[in-house]
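Asks: I am attaching a structure below and will ask some questions about it afterwards.
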Amino acid sequence: MLTEEEKAKRWSSGVGYNRYITSELNSFRKDAWKDTMLKHFGTKQNLNILDVGTGPGFFACILAEEGHRVTGIDWSEGMLVCGRNNAAKLSIKPHFRQMNINDLQFADESFDAIVTRNVTWTLDYPEKVYAEFKRILKPSGILLIYDANWHRHYFDEEMMKRVRKREQRYFEKYGKKEVVCGDDTEYFMPLPLSGIYRPDWDEKVLARLGFDVKIEEDLGRKVYEEWEMDLYGEFPLFEICAVKKPMDEDTRKVHNYWQKRSASFGFDVSERKVLEWRNRISSYLPTRKLKVLDVGTGTGFIACITAMLGHDVIGVDLCSNMIKKAIENAESLDLGIDFLCTDAGELPFEDGSFDVIISRNLLWALAAPEETLKQWRRLLKPEGMVVYFDGNHYYYLFNEEDKHNRQLYEEINGSLHGRGDEKDSPMYKEMDDAAVNLPLSKYNRPYEWDNIVLPKLGYKIVKEDIAHPQDKLREGIAEGYYTNFAIAAKKTKG
């Protein structure tokens, strides 16, 4: 397997590829590609567009010609030099920037559209990149992906025979020897998408991430020259148009709240706290090494503790600010954890990917908790488990006894969150406003919801721990003002 440096060398010079791009810019293909992409933008003008893997800048140039504000990124400075030269010849000024596609340095909701061509197949972690595309797209933003199954013939003998015949006919017709996508098997064979049929894979992953997806299967008939159709006929060029759905109002409020809370949200890895949570989590999990998904990872505390126990962990969170903190925290502890920015119910992973899905203080904040638990069940292996820690954080909005307990707790403790500005903070009010509409706020959990709903969704509760710290308030002990609990439930058959 090639190192990252060796992979980068493959694309370091844009000279050869630039000859192809220059020919595109000086043929019918330029206008054909414009027609293909611009139909998705309708009458919208001056869009902020990101061209990912811009290479010598073909997409960046033709979209900038149409008056859009385009940023083209590529890992190869050689490619970007060609892109800048092509733009200068056309007297246009797209912005070109060197950047690793696996580490997109853009703020949330930065772009109206993202376009990319012949890039996804090169990715080591395509699901993560697609989740990042969603993060940096504005609500109702458009993702346009153009690609093909460039290496499928190395996994299909009959297809390989057809490709070789095309290469021979191409030689006889044009007098040129060409080998289709076969010059660097050491590079592409280990890549996860080389042997997978697309765009079926992309459609599933993007739909799981919450995009509305449409596919056009054979775009080459519109944008290819005759020689391209002759040579690449076994690899139909496809178009994926994926539109990002806007967050509903209450999810947006929750998102905004936790984005702000990330600035002060704790990450206590003191010896006492680590030991407490190592023991607690271990009590719910099998002893073997597990593939674990930590949903609503926040600053990564549960993900880190679970990784310390020797498990293979991925952490996800809706809030990019939390993900940044989680990455920093895991790196500070030298823990190899992958983190992904996505919604708890919009997870791009394949069915049966995980032994355990774990979460802490998450379900109460979801706009569609039942649908989320259905998604989690899909991701679990047979006999896989969900383990979650939660509490009746906002039951006081519907229950007078809990409301009284909350007031009593504040009188004893001096504040609710260890600081004195909760009542006047617009941030906390925003969360209160959202919580009124969240479906789990009104239930006395786990009795009135979890214990009833989990069996209906195909889970068997195997362990349940419930604590009532509010009972101690009458004794002047302020350990909490609402019921909190932990539930472990196995995926049942069927």
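Naming scheme: A, B, ... for chains in displayed order of the structure tokens; residues 1 onward per chain; ligands 1 onward as shown.
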Return as a PyMOL selection string the full set of residues in segment 167-386 of chain A whose backbone-based DSSP assignment is strand (DSSP E or B).
Replies: chain A and resi 211-216+238-244+291-295+312-317+338-341+354-360+380-386
Asks: So which residues touch Val274 of chain A within 8 Å, counting only C-alpha atoms, skipping near sequence neighbours fewer than 5 positions away, as a PDB file with N, CA and C atoms, in the first residue's frame?
Replies:
ATOM      1  N   ASP A 268     -13.385  16.080  31.403  1.00  0.00           N
ATOM      2  CA  ASP A 268     -12.699  15.732  32.649  1.00  0.00           C
ATOM      3  C   ASP A 268     -12.083  14.338  32.540  1.00  0.00           C
ATOM      4  N   VAL A 269     -10.783  14.281  32.354  1.00  0.00           N
ATOM      5  CA  VAL A 269     -10.092  12.988  32.294  1.00  0.00           C
ATOM      6  C   VAL A 269      -9.183  12.824  33.512  1.00  0.00           C
ATOM      7  N   ILE A 305     -12.939   7.263  26.492  1.00  0.00           N
ATOM      8  CA  ILE A 305     -12.967   6.224  27.522  1.00  0.00           C
ATOM      9  C   ILE A 305     -13.133   4.847  26.880  1.00  0.00           C
TER      10      ILE A 305
END
Asks: Could you make a table, as JSON lines, of the residues of segment 201-293 of chain A that have an atom within 9 Å of an atom of segment 25-30 of chain A, each with its nearest atom pair and distance in Å to one decimal, counting only C-alpha atoms, in chain and number order?
Replies:
{"residue": "A:Lys222", "atom": "CA", "partner": "A:Arg29", "partner_atom": "CA", "distance": 8.3}
{"residue": "A:Val223", "atom": "CA", "partner": "A:Arg29", "partner_atom": "CA", "distance": 5.4}
{"residue": "A:Tyr224", "atom": "CA", "partner": "A:Arg29", "partner_atom": "CA", "distance": 7.0}
{"residue": "A:Glu225", "atom": "CA", "partner": "A:Arg29", "partner_atom": "CA", "distance": 7.8}
Asks: What would the file look like if the residues just selected were written as a compact mmCIF listing (two decimals), in the first residue's frame with N, CA, C and O atoms?
Replies:
# COMPACT_ATOMS: atom_id res chain seq x y z
N LYS A 222 -23.42 13.23 -23.59
CA LYS A 222 -23.60 14.68 -23.73
C LYS A 222 -22.26 15.43 -23.74
O LYS A 222 -22.15 16.48 -24.39
N VAL A 223 -21.27 14.91 -23.03
CA VAL A 223 -20.05 15.71 -22.81
C VAL A 223 -18.78 15.05 -23.35
O VAL A 223 -17.71 15.65 -23.28
N TYR A 224 -18.88 13.85 -23.92
CA TYR A 224 -17.70 13.16 -24.45
C TYR A 224 -17.56 13.38 -25.95
O TYR A 224 -18.55 13.48 -26.68
N GLU A 225 -16.32 13.39 -26.39
CA GLU A 225 -16.04 13.31 -27.82
C GLU A 225 -16.11 11.84 -28.26
O GLU A 225 -16.17 10.92 -27.41
Asks: Can you tell me which residues surround Phe59 of chain A at a distance of at most 10 Å, considering only C-alpha atoms, apart from same-chain residues fewer than 5 positions away, and format the answer as a PDB file with N, CA, C and O atoms, in the first residue's frame?
Replies:
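Saved file selection-v9.pdb follows:
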ATOM      1  N   ILE A  21      -7.517  19.021 -20.244  1.00  0.00           N
ATOM      2  CA  ILE A  21      -8.392  20.122 -19.821  1.00  0.00           C
ATOM      3  C   ILE A  21      -8.366  21.261 -20.834  1.00  0.00           C
ATOM      4  O   ILE A  21      -9.403  21.860 -21.160  1.00  0.00           O
ATOM      5  N   LEU A  25     -11.524  22.960 -22.823  1.00  0.00           N
ATOM      6  CA  LEU A  25     -11.839  24.390 -22.821  1.00  0.00           C
ATOM      7  C   LEU A  25     -11.919  24.967 -24.232  1.00  0.00           C
ATOM      8  O   LEU A  25     -12.448  26.062 -24.427  1.00  0.00           O
ATOM      9  N   LYS A  30     -16.892  22.343 -23.431  1.00  0.00           N
ATOM     10  CA  LYS A  30     -17.005  23.458 -22.484  1.00  0.00           C
ATOM     11  C   LYS A  30     -18.466  23.862 -22.313  1.00  0.00           C
ATOM     12  O   LYS A  30     -18.979  23.944 -21.179  1.00  0.00           O
ATOM     13  N   TRP A  33     -20.680  20.992 -20.772  1.00  0.00           N
ATOM     14  CA  TRP A  33     -20.571  20.896 -19.310  1.00  0.00           C
ATOM     15  C   TRP A  33     -21.312  22.050 -18.626  1.00  0.00           C
ATOM     16  O   TRP A  33     -21.940  21.854 -17.581  1.00  0.00           O
ATOM     17  N   LYS A  34     -21.241  23.235 -19.218  1.00  0.00           N
ATOM     18  CA  LYS A  34     -21.997  24.349 -18.642  1.00  0.00           C
ATOM     19  C   LYS A  34     -23.488  24.041 -18.606  1.00  0.00           C
ATOM     20  O   LYS A  34     -24.160  24.227 -17.586  1.00  0.00           O
ATOM     21  N   MET A  37     -24.350  21.456 -15.828  1.00  0.00           N
ATOM     22  CA  MET A  37     -24.330  21.884 -14.428  1.00  0.00           C
ATOM     23  C   MET A  37     -25.305  23.023 -14.140  1.00  0.00           C
ATOM     24  O   MET A  37     -25.991  23.024 -13.122  1.00  0.00           O
ATOM     25  N   LEU A  50     -17.865  25.672  -4.520  1.00  0.00           N
ATOM     26  CA  LEU A  50     -16.591  25.020  -4.236  1.00  0.00           C
ATOM     27  C   LEU A  50     -16.364  23.911  -5.261  1.00  0.00           C
ATOM     28  O   LEU A  50     -17.199  23.023  -5.421  1.00  0.00           O
ATOM     29  N   ASP A  51     -15.222  23.959  -5.944  1.00  0.00           N
ATOM     30  CA  ASP A  51     -14.822  22.914  -6.877  1.00  0.00           C
ATOM     31  C   ASP A  51     -13.752  22.073  -6.187  1.00  0.00           C
ATOM     32  O   ASP A  51     -12.620  22.508  -5.997  1.00  0.00           O
ATOM     33  N   VAL A  52     -14.130  20.862  -5.796  1.00  0.00           N
ATOM     34  CA  VAL A  52     -13.246  19.992  -5.011  1.00  0.00           C
ATOM     35  C   VAL A  52     -12.438  19.094  -5.942  1.00  0.00           C
ATOM     36  O   VAL A  52     -12.990  18.417  -6.801  1.00  0.00           O
ATOM     37  N   GLY A  53     -11.115  19.097  -5.748  1.00  0.00           N
ATOM     38  CA  GLY A  53     -10.236  18.373  -6.656  1.00  0.00           C
ATOM     39  C   GLY A  53     -10.242  19.040  -8.017  1.00  0.00           C
ATOM     40  O   GLY A  53     -10.385  18.393  -9.052  1.00  0.00           O
ATOM     41  N   THR A  54     -10.060  20.340  -8.009  1.00  0.00           N
ATOM     42  CA  THR A  54     -10.226  21.154  -9.218  1.00  0.00           C
ATOM     43  C   THR A  54      -9.223  20.814 -10.314  1.00  0.00           C
ATOM     44  O   THR A  54      -9.482  21.054 -11.490  1.00  0.00           O
ATOM     45  N   ALA A  64     -16.895  30.183 -13.190  1.00  0.00           N
ATOM     46  CA  ALA A  64     -16.529  31.596 -12.979  1.00  0.00           C
ATOM     47  C   ALA A  64     -16.902  32.438 -14.196  1.00  0.00           C
ATOM     48  O   ALA A  64     -17.309  33.600 -14.063  1.00  0.00           O
ATOM     49  N   GLU A  65     -16.797  31.854 -15.380  1.00  0.00           N
ATOM     50  CA  GLU A  65     -17.202  32.564 -16.599  1.00  0.00           C
ATOM     51  C   GLU A  65     -18.677  32.943 -16.557  1.00  0.00           C
ATOM     52  O   GLU A  65     -19.083  33.946 -17.157  1.00  0.00           O
ATOM     53  N   VAL A  70     -16.220  31.262  -7.374  1.00  0.00           N
ATOM     54  CA  VAL A  70     -15.758  29.877  -7.315  1.00  0.00           C
ATOM     55  C   VAL A  70     -14.431  29.775  -6.572  1.00  0.00           C
ATOM     56  O   VAL A  70     -13.504  30.550  -6.817  1.00  0.00           O
ATOM     57  N   GLY A  72     -11.572  26.868  -6.058  1.00  0.00           N
ATOM     58  CA  GLY A  72     -11.109  25.558  -6.490  1.00  0.00           C
ATOM     59  C   GLY A  72     -10.011  25.076  -5.565  1.00  0.00           C
ATOM     60  O   GLY A  72      -9.037  25.788  -5.322  1.00  0.00           O
ATOM     61  N   GLY A  83      -4.296  25.522 -13.208  1.00  0.00           N
ATOM     62  CA  GLY A  83      -5.606  26.142 -13.070  1.00  0.00           C
ATOM     63  C   GLY A  83      -5.530  27.658 -13.136  1.00  0.00           C
ATOM     64  O   GLY A  83      -6.352  28.307 -13.799  1.00  0.00           O
ATOM     65  N   VAL A 115     -19.068  21.138  -6.454  1.00  0.00           N
ATOM     66  CA  VAL A 115     -18.942  20.319  -7.655  1.00  0.00           C
ATOM     67  C   VAL A 115     -17.631  19.541  -7.584  1.00  0.00           C
ATOM     68  O   VAL A 115     -16.643  20.008  -7.016  1.00  0.00           O
ATOM     69  N   THR A 116     -17.646  18.341  -8.144  1.00  0.00           N
ATOM     70  CA  THR A 116     -16.433  17.526  -8.143  1.00  0.00           C
ATOM     71  C   THR A 116     -16.499  16.513  -9.276  1.00  0.00           C
ATOM     72  O   THR A 116     -17.569  16.004  -9.604  1.00  0.00           O
ATOM     73  N   ARG A 117     -15.353  16.255  -9.892  1.00  0.00           N
ATOM     74  CA  ARG A 117     -15.293  15.305 -11.007  1.00  0.00           C
ATOM     75  C   ARG A 117     -14.111  14.358 -10.821  1.00  0.00           C
ATOM     76  O   ARG A 117     -12.988  14.791 -10.592  1.00  0.00           O
TER      77      ARG A 117
END
Asks: Excluding Gly220 of chain A and residues on its chain fewer than 3 positions from it, collect all residues at most 9 Å away from it, counting only C-alpha atoms, and give them as number ranges by chain.
Replies: A: 217, 223-225, 228-229, 232-233, 236-238
Asks: Using only C-alpha atoms, which protein or nucleic acid residues come within 9 Å of segment 89-104 of chain A? Drop anything in the same chain fewer than 6 positions from it, and give the result as a PDB file with N, CA, C and O atoms, in the first residue's frame.
Replies:
ATOM      1  N   VAL A  52     -14.130  20.862  -5.796  1.00  0.00           N
ATOM      2  CA  VAL A  52     -13.246  19.992  -5.011  1.00  0.00           C
ATOM      3  C   VAL A  52     -12.438  19.094  -5.942  1.00  0.00           C
ATOM      4  O   VAL A  52     -12.990  18.417  -6.801  1.00  0.00           O
ATOM      5  N   GLY A  53     -11.115  19.097  -5.748  1.00  0.00           N
ATOM      6  CA  GLY A  53     -10.236  18.373  -6.656  1.00  0.00           C
ATOM      7  C   GLY A  53     -10.242  19.040  -8.017  1.00  0.00           C
ATOM      8  O   GLY A  53     -10.385  18.393  -9.052  1.00  0.00           O
ATOM      9  N   THR A  54     -10.060  20.340  -8.009  1.00  0.00           N
ATOM     10  CA  THR A  54     -10.226  21.154  -9.218  1.00  0.00           C
ATOM     11  C   THR A  54      -9.223  20.814 -10.314  1.00  0.00           C
ATOM     12  O   THR A  54      -9.482  21.054 -11.490  1.00  0.00           O
ATOM     13  N   GLY A  57      -8.442  23.169 -13.150  1.00  0.00           N
ATOM     14  CA  GLY A  57      -9.440  24.221 -13.001  1.00  0.00           C
ATOM     15  C   GLY A  57     -10.557  24.268 -14.009  1.00  0.00           C
ATOM     16  O   GLY A  57     -11.179  25.323 -14.188  1.00  0.00           O
ATOM     17  N   ALA A  60     -13.885  25.115 -12.281  1.00  0.00           N
ATOM     18  CA  ALA A  60     -13.734  26.445 -11.676  1.00  0.00           C
ATOM     19  C   ALA A  60     -13.793  27.528 -12.737  1.00  0.00           C
ATOM     20  O   ALA A  60     -14.441  28.576 -12.545  1.00  0.00           O
ATOM     21  N   CYS A  61     -13.153  27.290 -13.865  1.00  0.00           N
ATOM     22  CA  CYS A  61     -13.119  28.299 -14.918  1.00  0.00           C
ATOM     23  C   CYS A  61     -14.473  28.495 -15.581  1.00  0.00           C
ATOM     24  O   CYS A  61     -14.939  29.634 -15.763  1.00  0.00           O
ATOM     25  N   LEU A  63     -17.462  27.825 -14.519  1.00  0.00           N
ATOM     26  CA  LEU A  63     -18.470  28.382 -13.617  1.00  0.00           C
ATOM     27  C   LEU A  63     -18.178  29.841 -13.288  1.00  0.00           C
ATOM     28  O   LEU A  63     -19.097  30.653 -13.147  1.00  0.00           O
ATOM     29  N   ALA A  64     -16.895  30.183 -13.190  1.00  0.00           N
ATOM     30  CA  ALA A  64     -16.529  31.596 -12.979  1.00  0.00           C
ATOM     31  C   ALA A  64     -16.902  32.438 -14.196  1.00  0.00           C
ATOM     32  O   ALA A  64     -17.309  33.600 -14.063  1.00  0.00           O
ATOM     33  N   GLU A  65     -16.797  31.854 -15.380  1.00  0.00           N
ATOM     34  CA  GLU A  65     -17.202  32.564 -16.599  1.00  0.00           C
ATOM     35  C   GLU A  65     -18.677  32.943 -16.557  1.00  0.00           C
ATOM     36  O   GLU A  65     -19.083  33.946 -17.157  1.00  0.00           O
ATOM     37  N   HIS A  68     -20.260  33.166 -11.304  1.00  0.00           N
ATOM     38  CA  HIS A  68     -20.316  32.633  -9.944  1.00  0.00           C
ATOM     39  C   HIS A  68     -18.980  32.834  -9.229  1.00  0.00           C
ATOM     40  O   HIS A  68     -17.925  32.938  -9.863  1.00  0.00           O
ATOM     41  N   ARG A  69     -19.042  32.895  -7.909  1.00  0.00           N
ATOM     42  CA  ARG A  69     -17.835  33.024  -7.078  1.00  0.00           C
ATOM     43  C   ARG A  69     -17.329  31.627  -6.767  1.00  0.00           C
ATOM     44  O   ARG A  69     -17.946  30.906  -5.989  1.00  0.00           O
ATOM     45  N   VAL A  70     -16.220  31.262  -7.374  1.00  0.00           N
ATOM     46  CA  VAL A  70     -15.758  29.877  -7.315  1.00  0.00           C
ATOM     47  C   VAL A  70     -14.431  29.775  -6.572  1.00  0.00           C
ATOM     48  O   VAL A  70     -13.504  30.550  -6.817  1.00  0.00           O
ATOM     49  N   THR A  71     -14.373  28.794  -5.675  1.00  0.00           N
ATOM     50  CA  THR A  71     -13.119  28.417  -5.026  1.00  0.00           C
ATOM     51  C   THR A  71     -12.761  27.020  -5.487  1.00  0.00           C
ATOM     52  O   THR A  71     -13.561  26.086  -5.346  1.00  0.00           O
ATOM     53  N   GLY A  72     -11.572  26.868  -6.058  1.00  0.00           N
ATOM     54  CA  GLY A  72     -11.109  25.558  -6.490  1.00  0.00           C
ATOM     55  C   GLY A  72     -10.011  25.076  -5.565  1.00  0.00           C
ATOM     56  O   GLY A  72      -9.037  25.788  -5.322  1.00  0.00           O
ATOM     57  N   ILE A  73     -10.184  23.868  -4.998  1.00  0.00           N
ATOM     58  CA  ILE A  73      -9.160  23.334  -4.100  1.00  0.00           C
ATOM     59  C   ILE A  73      -8.571  22.056  -4.684  1.00  0.00           C
ATOM     60  O   ILE A  73      -9.246  21.296  -5.368  1.00  0.00           O
ATOM     61  N   ASP A  74      -7.287  21.870  -4.409  1.00  0.00           N
ATOM     62  CA  ASP A  74      -6.594  20.665  -4.833  1.00  0.00           C
ATOM     63  C   ASP A  74      -5.376  20.478  -3.947  1.00  0.00           C
ATOM     64  O   ASP A  74      -4.809  21.466  -3.454  1.00  0.00           O
ATOM     65  N   TRP A  75      -4.992  19.212  -3.723  1.00  0.00           N
ATOM     66  CA  TRP A  75      -3.820  18.925  -2.904  1.00  0.00           C
ATOM     67  C   TRP A  75      -2.523  19.207  -3.662  1.00  0.00           C
ATOM     68  O   TRP A  75      -1.483  19.450  -3.076  1.00  0.00           O
ATOM     69  N   SER A  76      -2.601  19.186  -5.006  1.00  0.00           N
ATOM     70  CA  SER A  76      -1.416  19.352  -5.843  1.00  0.00           C
ATOM     71  C   SER A  76      -1.210  20.803  -6.256  1.00  0.00           C
ATOM     72  O   SER A  76      -2.036  21.382  -6.960  1.00  0.00           O
ATOM     73  N   GLU A  77      -0.097  21.365  -5.850  1.00  0.00           N
ATOM     74  CA  GLU A  77       0.225  22.732  -6.266  1.00  0.00           C
ATOM     75  C   GLU A  77       0.479  22.794  -7.762  1.00  0.00           C
ATOM     76  O   GLU A  77       0.180  23.797  -8.418  1.00  0.00           O
ATOM     77  N   LEU A  80      -2.759  23.270  -9.409  1.00  0.00           N
ATOM     78  CA  LEU A  80      -3.279  24.621  -9.177  1.00  0.00           C
ATOM     79  C   LEU A  80      -2.574  25.659 -10.048  1.00  0.00           C
ATOM     80  O   LEU A  80      -3.195  26.627 -10.490  1.00  0.00           O
ATOM     81  N   VAL A  81      -1.287  25.464 -10.310  1.00  0.00           N
ATOM     82  CA  VAL A  81      -0.559  26.361 -11.207  1.00  0.00           C
ATOM     83  C   VAL A  81      -1.212  26.335 -12.591  1.00  0.00           C
ATOM     84  O   VAL A  81      -1.442  27.396 -13.217  1.00  0.00           O
ATOM     85  N   GLY A  83      -4.296  25.522 -13.208  1.00  0.00           N
ATOM     86  CA  GLY A  83      -5.606  26.142 -13.070  1.00  0.00           C
ATOM     87  C   GLY A  83      -5.530  27.658 -13.136  1.00  0.00           C
ATOM     88  O   GLY A  83      -6.352  28.307 -13.799  1.00  0.00           O
ATOM     89  N   LEU A 123     -10.745   8.488  -2.819  1.00  0.00           N
ATOM     90  CA  LEU A 123     -10.815   8.771  -1.386  1.00  0.00           C
ATOM     91  C   LEU A 123     -10.605   7.522  -0.528  1.00  0.00           C
ATOM     92  O   LEU A 123     -11.126   6.448  -0.816  1.00  0.00           O
ATOM     93  N   ASP A 124      -9.868   7.700   0.551  1.00  0.00           N
ATOM     94  CA  ASP A 124      -9.697   6.638   1.542  1.00  0.00           C
ATOM     95  C   ASP A 124     -10.910   6.546   2.462  1.00  0.00           C
ATOM     96  O   ASP A 124     -11.239   5.462   2.955  1.00  0.00           O
ATOM     97  N   TYR A 125     -11.564   7.694   2.729  1.00  0.00           N
ATOM     98  CA  TYR A 125     -12.707   7.738   3.645  1.00  0.00           C
ATOM     99  C   TYR A 125     -13.854   8.519   2.999  1.00  0.00           C
ATOM    100  O   TYR A 125     -14.167   9.639   3.408  1.00  0.00           O
ATOM    101  N   PRO A 126     -14.471   7.944   1.966  1.00  0.00           N
ATOM    102  CA  PRO A 126     -15.482   8.707   1.214  1.00  0.00           C
ATOM    103  C   PRO A 126     -16.696   9.108   2.036  1.00  0.00           C
ATOM    104  O   PRO A 126     -17.260  10.190   1.835  1.00  0.00           O
ATOM    105  N   LYS A 128     -16.815   9.969   5.157  1.00  0.00           N
ATOM    106  CA  LYS A 128     -16.440  11.131   5.957  1.00  0.00           C
ATOM    107  C   LYS A 128     -16.417  12.391   5.105  1.00  0.00           C
ATOM    108  O   LYS A 128     -16.885  13.460   5.530  1.00  0.00           O
ATOM    109  N   VAL A 129     -15.890  12.279   3.895  1.00  0.00           N
ATOM    110  CA  VAL A 129     -15.838  13.441   2.997  1.00  0.00           C
ATOM    111  C   VAL A 129     -17.240  13.877   2.601  1.00  0.00           C
ATOM    112  O   VAL A 129     -17.557  15.074   2.579  1.00  0.00           O
ATOM    113  N   GLU A 132     -18.673  15.825   5.336  1.00  0.00           N
ATOM    114  CA  GLU A 132     -18.089  17.164   5.364  1.00  0.00           C
ATOM    115  C   GLU A 132     -18.686  18.051   4.276  1.00  0.00           C
ATOM    116  O   GLU A 132     -18.904  19.247   4.486  1.00  0.00           O
ATOM    117  N   PHE A 133     -18.964  17.479   3.103  1.00  0.00           N
ATOM    118  CA  PHE A 133     -19.647  18.248   2.065  1.00  0.00           C
ATOM    119  C   PHE A 133     -20.978  18.781   2.600  1.00  0.00           C
ATOM    120  O   PHE A 133     -21.339  19.945   2.386  1.00  0.00           O
ATOM    121  N   ILE A 136     -20.509  21.794   5.055  1.00  0.00           N
ATOM    122  CA  ILE A 136     -20.126  23.106   4.515  1.00  0.00           C
ATOM    123  C   ILE A 136     -21.110  23.636   3.479  1.00  0.00           C
ATOM    124  O   ILE A 136     -20.976  24.773   3.021  1.00  0.00           O
TER     125      ILE A 136
END
Asks: Using only C-alpha atoms for the distances, tell me which of A:Cys319, A:Val180, A:Leu340, A:Leu285 is nearest to Met385 of chain A.
Replies: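 Closest residue, counting only C-alpha atoms: A:Leu285.
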Asks: Got a sec: who's within 12 Å of Gln407 of chain A, counting only C-alpha atoms, leaving out chain neighbours fewer than 4 positions off, as an NGL selection string?
Replies: :A and (396 or 400-403 or 411-416 or 423 or 470 or 473 or 478 or 480-482)
Asks: Could you tell me how far atom CA of Trp121 of chain A lies from atom CA of Cys181 of chain A, in Å and to one decimal?
Replies: 11.8 Å
